[in-house]
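Below: the structure, in C-alpha coordinates.
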Amino acid sequence: MRHKTYILRGVSAGVAAAAVFAAAGCSADEPRREFTVPKALCGVSVPVDALSRLLPASGKKLTTEADGSTDDVLLCKINVDDVMVLALSRERIVAGDSARHILYTQLRITQPKFAEGTSIAYADDAAVSLLKCRGADVQNEDISTLVKVLKPARSDESAMKSLITDYTAKVKKQGPCKKRSSY
(Lines give C-alpha, C1' and ligand atoms only; values in the text may rest on other atoms or scores of the structure.)
Protein backbone atom coordinates (compact mmCIF):
# COMPACT_ATOMS: atom_id res chain seq x y z
CA MET A 1 0.00 0.00 0.00
CA ARG A 2 2.82 2.37 0.80
CA HIS A 3 4.32 1.82 -2.62
CA LYS A 4 1.20 3.14 -4.37
CA THR A 5 1.14 6.28 -2.24
CA TYR A 6 4.66 7.23 -3.27
CA ILE A 7 3.87 6.65 -6.93
CA LEU A 8 0.79 8.88 -6.75
CA ARG A 9 2.75 11.59 -4.92
CA GLY A 10 5.45 11.41 -7.58
CA VAL A 11 2.90 11.66 -10.40
CA SER A 12 1.08 14.62 -8.85
CA ALA A 13 4.39 16.42 -8.19
CA GLY A 14 5.38 15.85 -11.85
CA VAL A 15 2.04 17.16 -13.10
CA ALA A 16 2.32 20.25 -10.89
CA ALA A 17 5.88 20.94 -12.10
CA ALA A 18 4.80 20.54 -15.75
CA ALA A 19 1.90 22.96 -15.21
CA VAL A 20 4.23 25.57 -13.69
CA PHE A 21 6.72 25.26 -16.56
CA ALA A 22 3.94 25.38 -19.17
CA ALA A 23 2.41 28.50 -17.63
CA ALA A 24 5.78 30.22 -17.46
CA GLY A 25 6.64 29.22 -21.02
CA CYS A 26 3.36 30.52 -22.44
CA SER A 27 3.64 33.98 -21.00
CA ALA A 28 7.33 34.43 -21.77
CA ASP A 29 7.27 33.07 -25.33
CA GLU A 30 3.85 34.25 -26.50
CA PRO A 31 4.24 35.48 -30.09
CA ARG A 32 3.28 39.05 -30.83
CA ARG A 33 2.96 41.37 -33.80
CA GLU A 34 5.89 43.74 -34.15
CA PHE A 35 5.12 45.00 -37.67
CA THR A 36 2.91 47.91 -38.73
CA VAL A 37 -0.14 47.15 -40.85
CA PRO A 38 0.03 49.10 -44.14
CA LYS A 39 -2.57 51.75 -44.92
CA ALA A 40 -2.45 51.11 -48.68
CA LEU A 41 -1.86 48.28 -51.15
CA CYS A 42 -0.38 49.18 -54.54
CA GLY A 43 -1.27 52.83 -54.11
CA VAL A 44 -4.86 52.27 -53.00
CA SER A 45 -5.83 52.93 -49.38
CA VAL A 46 -7.35 50.00 -47.51
CA PRO A 47 -9.26 49.61 -44.24
CA VAL A 48 -6.43 48.96 -41.76
CA ASP A 49 -8.70 47.14 -39.29
CA ALA A 50 -9.89 44.64 -41.91
CA LEU A 51 -6.38 44.05 -43.25
CA SER A 52 -5.07 43.66 -39.70
CA ARG A 53 -7.59 40.87 -38.99
CA LEU A 54 -6.36 38.96 -42.06
CA LEU A 55 -2.63 39.28 -41.41
CA PRO A 56 -0.79 36.91 -39.05
CA ALA A 57 -1.21 37.52 -35.32
CA SER A 58 2.56 37.59 -34.89
CA GLY A 59 5.63 38.52 -36.84
CA LYS A 60 8.53 40.92 -36.83
CA LYS A 61 8.82 42.42 -40.30
CA LEU A 62 6.19 43.19 -42.95
CA THR A 63 7.18 44.08 -46.49
CA THR A 64 5.07 44.85 -49.54
CA GLU A 65 6.02 44.30 -53.16
CA ALA A 66 4.27 45.60 -56.26
CA ASP A 67 4.79 44.01 -59.66
CA GLY A 68 3.37 45.40 -62.86
CA SER A 69 4.20 48.70 -64.40
CA THR A 70 1.03 49.33 -66.36
CA ASP A 71 -2.61 49.93 -65.57
CA ASP A 72 -3.41 46.60 -67.22
CA VAL A 73 -1.86 44.21 -64.67
CA LEU A 74 -0.84 44.77 -61.07
CA LEU A 75 0.22 42.33 -58.34
CA CYS A 76 0.72 43.32 -54.70
CA LYS A 77 2.31 40.89 -52.28
CA ILE A 78 2.47 41.23 -48.51
CA ASN A 79 5.22 39.27 -46.81
CA VAL A 80 5.65 38.77 -43.08
CA ASP A 81 9.08 37.57 -42.02
CA ASP A 82 9.87 36.78 -45.69
CA VAL A 83 6.78 34.58 -46.16
CA MET A 84 4.04 35.73 -48.56
CA VAL A 85 0.81 35.93 -46.56
CA LEU A 86 -1.49 37.91 -48.85
CA ALA A 87 -1.66 38.53 -52.58
CA LEU A 88 -3.80 41.09 -54.37
CA SER A 89 -3.96 41.18 -58.16
CA ARG A 90 -5.78 43.61 -60.41
CA GLU A 91 -6.11 43.23 -64.16
CA ARG A 92 -8.17 44.27 -67.14
CA ILE A 93 -10.20 41.43 -68.58
CA VAL A 94 -12.63 40.90 -71.43
CA ALA A 95 -16.09 42.12 -70.46
CA GLY A 96 -18.69 39.61 -69.42
CA ASP A 97 -17.13 37.32 -66.80
CA SER A 98 -18.54 37.16 -63.27
CA ALA A 99 -16.89 37.52 -59.87
CA ARG A 100 -18.27 34.12 -58.88
CA HIS A 101 -16.83 32.43 -61.98
CA ILE A 102 -13.40 33.98 -61.45
CA LEU A 103 -13.35 32.92 -57.79
CA TYR A 104 -14.27 29.38 -58.82
CA THR A 105 -11.88 29.02 -61.77
CA GLN A 106 -8.92 30.66 -60.03
CA LEU A 107 -9.34 29.27 -56.49
CA ARG A 108 -12.02 26.58 -56.65
CA ILE A 109 -14.27 28.35 -54.15
CA THR A 110 -17.75 27.04 -54.83
CA GLN A 111 -19.99 28.73 -52.25
CA PRO A 112 -19.03 32.42 -52.06
CA LYS A 113 -21.12 35.17 -50.55
CA PHE A 114 -21.91 38.32 -52.53
CA ALA A 115 -21.80 42.07 -52.05
CA GLU A 116 -22.64 44.99 -54.32
CA GLY A 117 -25.17 42.80 -56.12
CA THR A 118 -22.98 40.10 -57.59
CA SER A 119 -19.98 42.24 -58.57
CA ILE A 120 -18.13 41.08 -55.45
CA ALA A 121 -17.79 37.42 -54.46
CA TYR A 122 -15.99 36.54 -51.25
CA ALA A 123 -15.21 33.77 -48.77
CA ASP A 124 -13.19 33.71 -45.57
CA ASP A 125 -9.79 33.57 -47.31
CA ALA A 126 -10.37 35.04 -50.80
CA ALA A 127 -12.42 37.57 -52.74
CA VAL A 128 -12.95 38.86 -56.28
CA SER A 129 -14.52 42.09 -57.46
CA LEU A 130 -15.40 43.35 -60.92
CA LEU A 131 -15.62 46.94 -62.05
CA LYS A 132 -17.50 47.16 -65.32
CA CYS A 133 -16.15 49.70 -67.79
CA ARG A 134 -18.98 50.55 -70.17
CA GLY A 135 -20.01 53.56 -72.19
CA ALA A 136 -19.34 55.37 -75.43
CA ASP A 137 -16.10 56.94 -74.22
CA VAL A 138 -14.42 53.87 -72.61
CA GLN A 139 -13.14 50.47 -73.61
CA ASN A 140 -15.76 47.74 -73.13
CA GLU A 141 -13.88 45.74 -70.47
CA ASP A 142 -13.89 44.81 -66.80
CA ILE A 143 -11.31 45.36 -64.09
CA SER A 144 -10.93 42.32 -61.87
CA THR A 145 -9.40 42.44 -58.39
CA LEU A 146 -8.56 39.18 -56.61
CA VAL A 147 -7.39 38.93 -52.98
CA LYS A 148 -6.04 35.68 -51.51
CA VAL A 149 -4.89 35.04 -47.94
CA LEU A 150 -2.08 32.50 -47.56
CA LYS A 151 -0.98 30.72 -44.38
CA PRO A 152 0.09 31.78 -41.77
CA ALA A 153 -2.29 34.70 -42.35
CA ARG A 154 -5.78 34.34 -40.94
CA SER A 155 -9.13 33.73 -42.59
CA ASP A 156 -11.92 36.12 -41.64
CA GLU A 157 -15.03 36.42 -43.81
CA SER A 158 -16.20 39.82 -42.55
CA ALA A 159 -12.68 41.28 -42.80
CA MET A 160 -12.36 39.95 -46.37
CA LYS A 161 -15.70 41.49 -47.33
CA SER A 162 -14.67 44.84 -45.84
CA LEU A 163 -11.25 44.77 -47.53
CA ILE A 164 -12.49 43.91 -51.04
CA THR A 165 -15.52 46.26 -50.86
CA ASP A 166 -13.50 49.26 -49.68
CA TYR A 167 -10.58 48.57 -52.02
CA THR A 168 -12.91 48.28 -55.03
CA ALA A 169 -14.71 51.53 -54.14
CA LYS A 170 -11.37 53.37 -53.90
CA VAL A 171 -10.19 51.97 -57.26
CA LYS A 172 -13.47 53.04 -58.86
CA LYS A 173 -12.98 56.62 -57.57
CA GLN A 174 -9.60 56.71 -59.35
CA GLY A 175 -11.44 56.43 -62.70
CA PRO A 176 -9.58 53.38 -63.99
CA CYS A 177 -11.62 52.77 -67.14
CA LYS A 178 -9.59 53.54 -70.28
CA LYS A 179 -10.80 55.94 -72.88
CA ARG A 180 -11.43 54.48 -76.32
CA SER A 181 -8.65 54.95 -78.81
CA SER A 182 -9.66 57.15 -81.72
CA TYR A 183 -8.74 55.65 -85.06
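We name chains A, B, ... following the order of the C-alpha coordinates; residues begin at 1 in each chain, and ligands are numbered from 1 as shown.
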
Run DSSP on the backbone and give me the residues of chain A it puts in strand (DSSP E or B), as a ChimeraX atom specification.
/A:33,40-41,44-45,59,62-67,73-80,83-94,113-115,120-122,126-133,138,141-149,179

Discussion item. Can you pull out the residues contacting A:Asp97? Cut-off 9 Å, using only C-alpha atoms, and skip same-chain residues under 4 positions away; I want them as a PyMOL selection string.
Written reply: chain A and resi 93+101-102+130+142

### Query
Residues of stretch 7-155 of chain A in alpha helix (DSSP H) according to DSSP, as a VMD selection string?
chain A and resid 7 to 29 48 to 54 99 to 107

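Atom CA of A:Leu103 to atom CA of A:Ala40 spans 23.1 Å [interatomic distance, one decimal].
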
Quick one: residues within 12 Å of A:Ser98, only C-alpha atoms, excluding same-chain residues fewer than 3 positions away - as a list in words? Ile93, Val94, Ala95, His101, Ile102, Leu103, Tyr104, Thr105, Phe114, Gly117, Thr118, Ser119, Ile120, Ala121, Val128, Ser129, Leu130, Leu131, Lys132, Asp142, Ile143, Ser144 and Thr145 of chain A

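Among A:Pro152, A:Glu30, A:Thr64, A:Ala127, the residue with the shortest atom-to-atom distance to A:Gly43, counting only C-alpha atoms, is A:Thr64.
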
One decimal place gives the atom CA of A:Arg154-atom CA of A:Gly68 separation as 26.2 Å

Find the residues around A:Asp67 up to 9 Å (only C-alpha atoms counted), leave out those fewer than 2 positions away in its own chain, and share them as a tab-separated table (two decimals) with all heavy atoms, in the first residue's frame.
```tsv
chain	number	residue	atom	x	y	z
A	42	CYS	N	-0.60	48.75	-53.16
A	42	CYS	CA	-0.38	49.18	-54.54
A	42	CYS	C	-1.01	50.54	-54.82
A	42	CYS	O	-1.69	50.75	-55.81
A	42	CYS	CB	-0.91	48.14	-55.53
A	42	CYS	SG	0.11	46.67	-55.62
A	65	GLU	N	5.41	44.24	-51.83
A	65	GLU	CA	6.02	44.30	-53.16
A	65	GLU	C	4.92	44.56	-54.17
A	65	GLU	O	3.83	44.01	-54.05
A	65	GLU	CB	6.67	42.97	-53.52
A	65	GLU	CG	7.81	42.53	-52.65
A	65	GLU	CD	8.28	41.13	-53.03
A	65	GLU	OE1	8.42	40.85	-54.24
A	65	GLU	OE2	8.48	40.31	-52.12
A	69	SER	N	3.90	47.29	-64.20
A	69	SER	CA	4.20	48.70	-64.40
A	69	SER	C	3.13	49.41	-65.22
A	69	SER	O	3.26	50.58	-65.54
A	69	SER	CB	5.56	48.84	-65.09
A	69	SER	OG	5.54	48.15	-66.32
A	73	VAL	N	-2.10	45.32	-65.60
A	73	VAL	CA	-1.86	44.21	-64.67
A	73	VAL	C	-1.07	44.73	-63.48
A	73	VAL	O	-0.09	45.44	-63.64
A	73	VAL	CB	-1.06	43.07	-65.35
A	73	VAL	CG1	-0.77	41.96	-64.36
A	73	VAL	CG2	-1.79	42.53	-66.55
A	74	LEU	N	-1.51	44.35	-62.30
A	74	LEU	CA	-0.84	44.77	-61.07
A	74	LEU	C	-0.92	43.64	-60.07
A	74	LEU	O	-1.96	43.01	-59.92
A	74	LEU	CB	-1.57	46.00	-60.52
A	74	LEU	CG	-0.97	46.73	-59.35
A	74	LEU	CD1	0.42	47.28	-59.69
A	74	LEU	CD2	-1.89	47.88	-58.96
A	75	LEU	N	0.18	43.35	-59.38
A	75	LEU	CA	0.22	42.33	-58.34
A	75	LEU	C	0.88	42.92	-57.11
A	75	LEU	O	1.99	43.43	-57.18
A	75	LEU	CB	1.00	41.10	-58.81
A	75	LEU	CG	1.24	40.01	-57.77
A	75	LEU	CD1	-0.08	39.41	-57.28
A	75	LEU	CD2	2.14	38.92	-58.32
A	76	CYS	N	0.17	42.86	-55.98
A	76	CYS	CA	0.72	43.32	-54.70
A	76	CYS	C	0.88	42.09	-53.81
A	76	CYS	O	-0.05	41.29	-53.68
A	76	CYS	CB	-0.24	44.27	-54.01
A	76	CYS	SG	-0.51	45.79	-54.89
A	77	LYS	N	2.05	41.99	-53.20
A	77	LYS	CA	2.31	40.89	-52.28
A	77	LYS	C	2.67	41.47	-50.92
A	77	LYS	O	3.44	42.41	-50.84
A	77	LYS	CB	3.47	40.04	-52.77
A	77	LYS	CG	3.21	39.36	-54.09
A	77	LYS	CD	4.41	38.52	-54.47
A	77	LYS	CE	4.98	39.04	-55.77
A	77	LYS	NZ	6.17	38.36	-56.21
```

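The space between atom CA of A:Val138 and atom CA of A:Ala87 spans 28.3 Å.
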
Using only C-alpha atoms, the best pick from A:Glu116, A:Asp166, A:Asp82, A:Glu157 as closest to A:Val46 would be A:Asp166

For this session: Quick one: everything within 12 Å of A:Lys151, counting only C-alpha atoms, minus sequence neighbours fewer than 6 positions away in the same chain. Send it as a PyMOL selection string.
Result: chain A and resi 54-57+78-80+83-87+125

Selected residues written out, all heavy atoms, as a tab-separated table (two decimals), in the first residue's frame:
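Output (again-v6.tsv):
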```tsv
chain	number	residue	atom	x	y	z
A	54	LEU	N	-6.76	40.02	-41.12
A	54	LEU	CA	-6.36	38.96	-42.06
A	54	LEU	C	-4.88	38.60	-41.94
A	54	LEU	O	-4.50	37.48	-42.23
A	54	LEU	CB	-6.66	39.40	-43.50
A	54	LEU	CG	-8.15	39.55	-43.82
A	54	LEU	CD1	-8.32	40.25	-45.16
A	54	LEU	CD2	-8.86	38.21	-43.81
A	55	LEU	N	-4.07	39.53	-41.51
A	55	LEU	CA	-2.63	39.28	-41.41
A	55	LEU	C	-2.32	38.40	-40.20
A	55	LEU	O	-3.13	38.29	-39.28
A	55	LEU	CB	-1.89	40.61	-41.31
A	55	LEU	CG	-1.96	41.49	-42.55
A	55	LEU	CD1	-1.28	42.83	-42.30
A	55	LEU	CD2	-1.35	40.79	-43.75
A	56	PRO	N	-1.14	37.77	-40.18
A	56	PRO	CA	-0.79	36.91	-39.05
A	56	PRO	C	-0.83	37.66	-37.72
A	56	PRO	O	-0.57	38.87	-37.67
A	56	PRO	CB	0.65	36.47	-39.37
A	56	PRO	CG	0.78	36.62	-40.84
A	56	PRO	CD	-0.10	37.78	-41.20
A	57	ALA	N	-1.13	36.94	-36.66
A	57	ALA	CA	-1.21	37.52	-35.32
A	57	ALA	C	0.16	37.87	-34.78
A	57	ALA	O	0.28	38.63	-33.83
A	57	ALA	CB	-1.92	36.56	-34.38
A	78	ILE	N	2.09	40.88	-49.88
A	78	ILE	CA	2.47	41.23	-48.51
A	78	ILE	C	3.20	40.03	-47.93
A	78	ILE	O	2.68	38.91	-47.95
A	78	ILE	CB	1.25	41.57	-47.64
A	78	ILE	CG1	0.58	42.84	-48.14
A	78	ILE	CG2	1.66	41.73	-46.19
A	78	ILE	CD1	-0.62	43.26	-47.33
A	79	ASN	N	4.40	40.30	-47.44
A	79	ASN	CA	5.22	39.27	-46.81
A	79	ASN	C	5.40	39.62	-45.34
A	79	ASN	O	5.63	40.77	-45.00
A	79	ASN	CB	6.60	39.19	-47.48
A	79	ASN	CG	6.49	38.91	-48.95
A	79	ASN	OD1	5.92	37.92	-49.36
A	79	ASN	ND2	7.02	39.80	-49.77
A	80	VAL	N	5.32	38.61	-44.50
A	80	VAL	CA	5.65	38.77	-43.08
A	80	VAL	C	6.78	37.80	-42.79
A	80	VAL	O	6.65	36.59	-43.03
A	80	VAL	CB	4.43	38.50	-42.17
A	80	VAL	CG1	4.84	38.49	-40.70
A	80	VAL	CG2	3.35	39.55	-42.41
A	83	VAL	N	7.75	35.56	-45.69
A	83	VAL	CA	6.78	34.58	-46.16
A	83	VAL	C	5.57	35.34	-46.72
A	83	VAL	O	5.00	36.19	-46.02
A	83	VAL	CB	6.32	33.63	-45.02
A	83	VAL	CG1	5.21	32.70	-45.48
A	83	VAL	CG2	7.50	32.85	-44.47
A	84	MET	N	5.20	35.05	-47.97
A	84	MET	CA	4.04	35.73	-48.56
A	84	MET	C	2.77	35.27	-47.84
A	84	MET	O	2.50	34.08	-47.75
A	84	MET	CB	3.91	35.45	-50.06
A	84	MET	CG	2.80	36.28	-50.68
A	84	MET	SD	2.77	36.39	-52.48
A	84	MET	CE	2.62	34.71	-52.96
A	85	VAL	N	2.01	36.25	-47.32
A	85	VAL	CA	0.81	35.93	-46.56
A	85	VAL	C	-0.47	36.46	-47.22
A	85	VAL	O	-1.57	36.03	-46.86
A	85	VAL	CB	0.90	36.45	-45.10
A	85	VAL	CG1	2.01	35.75	-44.35
A	85	VAL	CG2	1.07	37.96	-45.07
A	86	LEU	N	-0.33	37.39	-48.16
A	86	LEU	CA	-1.49	37.91	-48.85
A	86	LEU	C	-1.08	38.39	-50.23
A	86	LEU	O	-0.01	38.99	-50.38
A	86	LEU	CB	-2.09	39.09	-48.06
A	86	LEU	CG	-3.43	39.62	-48.57
A	86	LEU	CD1	-4.37	39.87	-47.41
A	86	LEU	CD2	-3.27	40.87	-49.38
A	87	ALA	N	-1.91	38.08	-51.21
A	87	ALA	CA	-1.66	38.53	-52.58
A	87	ALA	C	-2.92	39.24	-53.08
A	87	ALA	O	-4.04	38.79	-52.85
A	87	ALA	CB	-1.33	37.36	-53.48
A	125	ASP	N	-11.22	33.39	-46.99
A	125	ASP	CA	-9.79	33.57	-47.31
A	125	ASP	C	-9.53	34.08	-48.72
A	125	ASP	O	-8.38	34.12	-49.15
A	125	ASP	CB	-9.05	32.26	-47.08
A	125	ASP	CG	-9.51	31.15	-48.01
A	125	ASP	OD1	-10.55	31.30	-48.67
A	125	ASP	OD2	-8.82	30.12	-48.06
```

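Residues surrounding A:Pro112 within 7 Å are Ile109, Ala121, Tyr122 and Ala123 of chain A [only C-alpha atoms; sequence separation below 3 positions excluded].
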
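Distances from A:Arg92, A:Arg32, A:Lys39, A:Lys60 to A:Cys133 were compared using only C-alpha atoms, and the smallest one belongs to A:Arg92.
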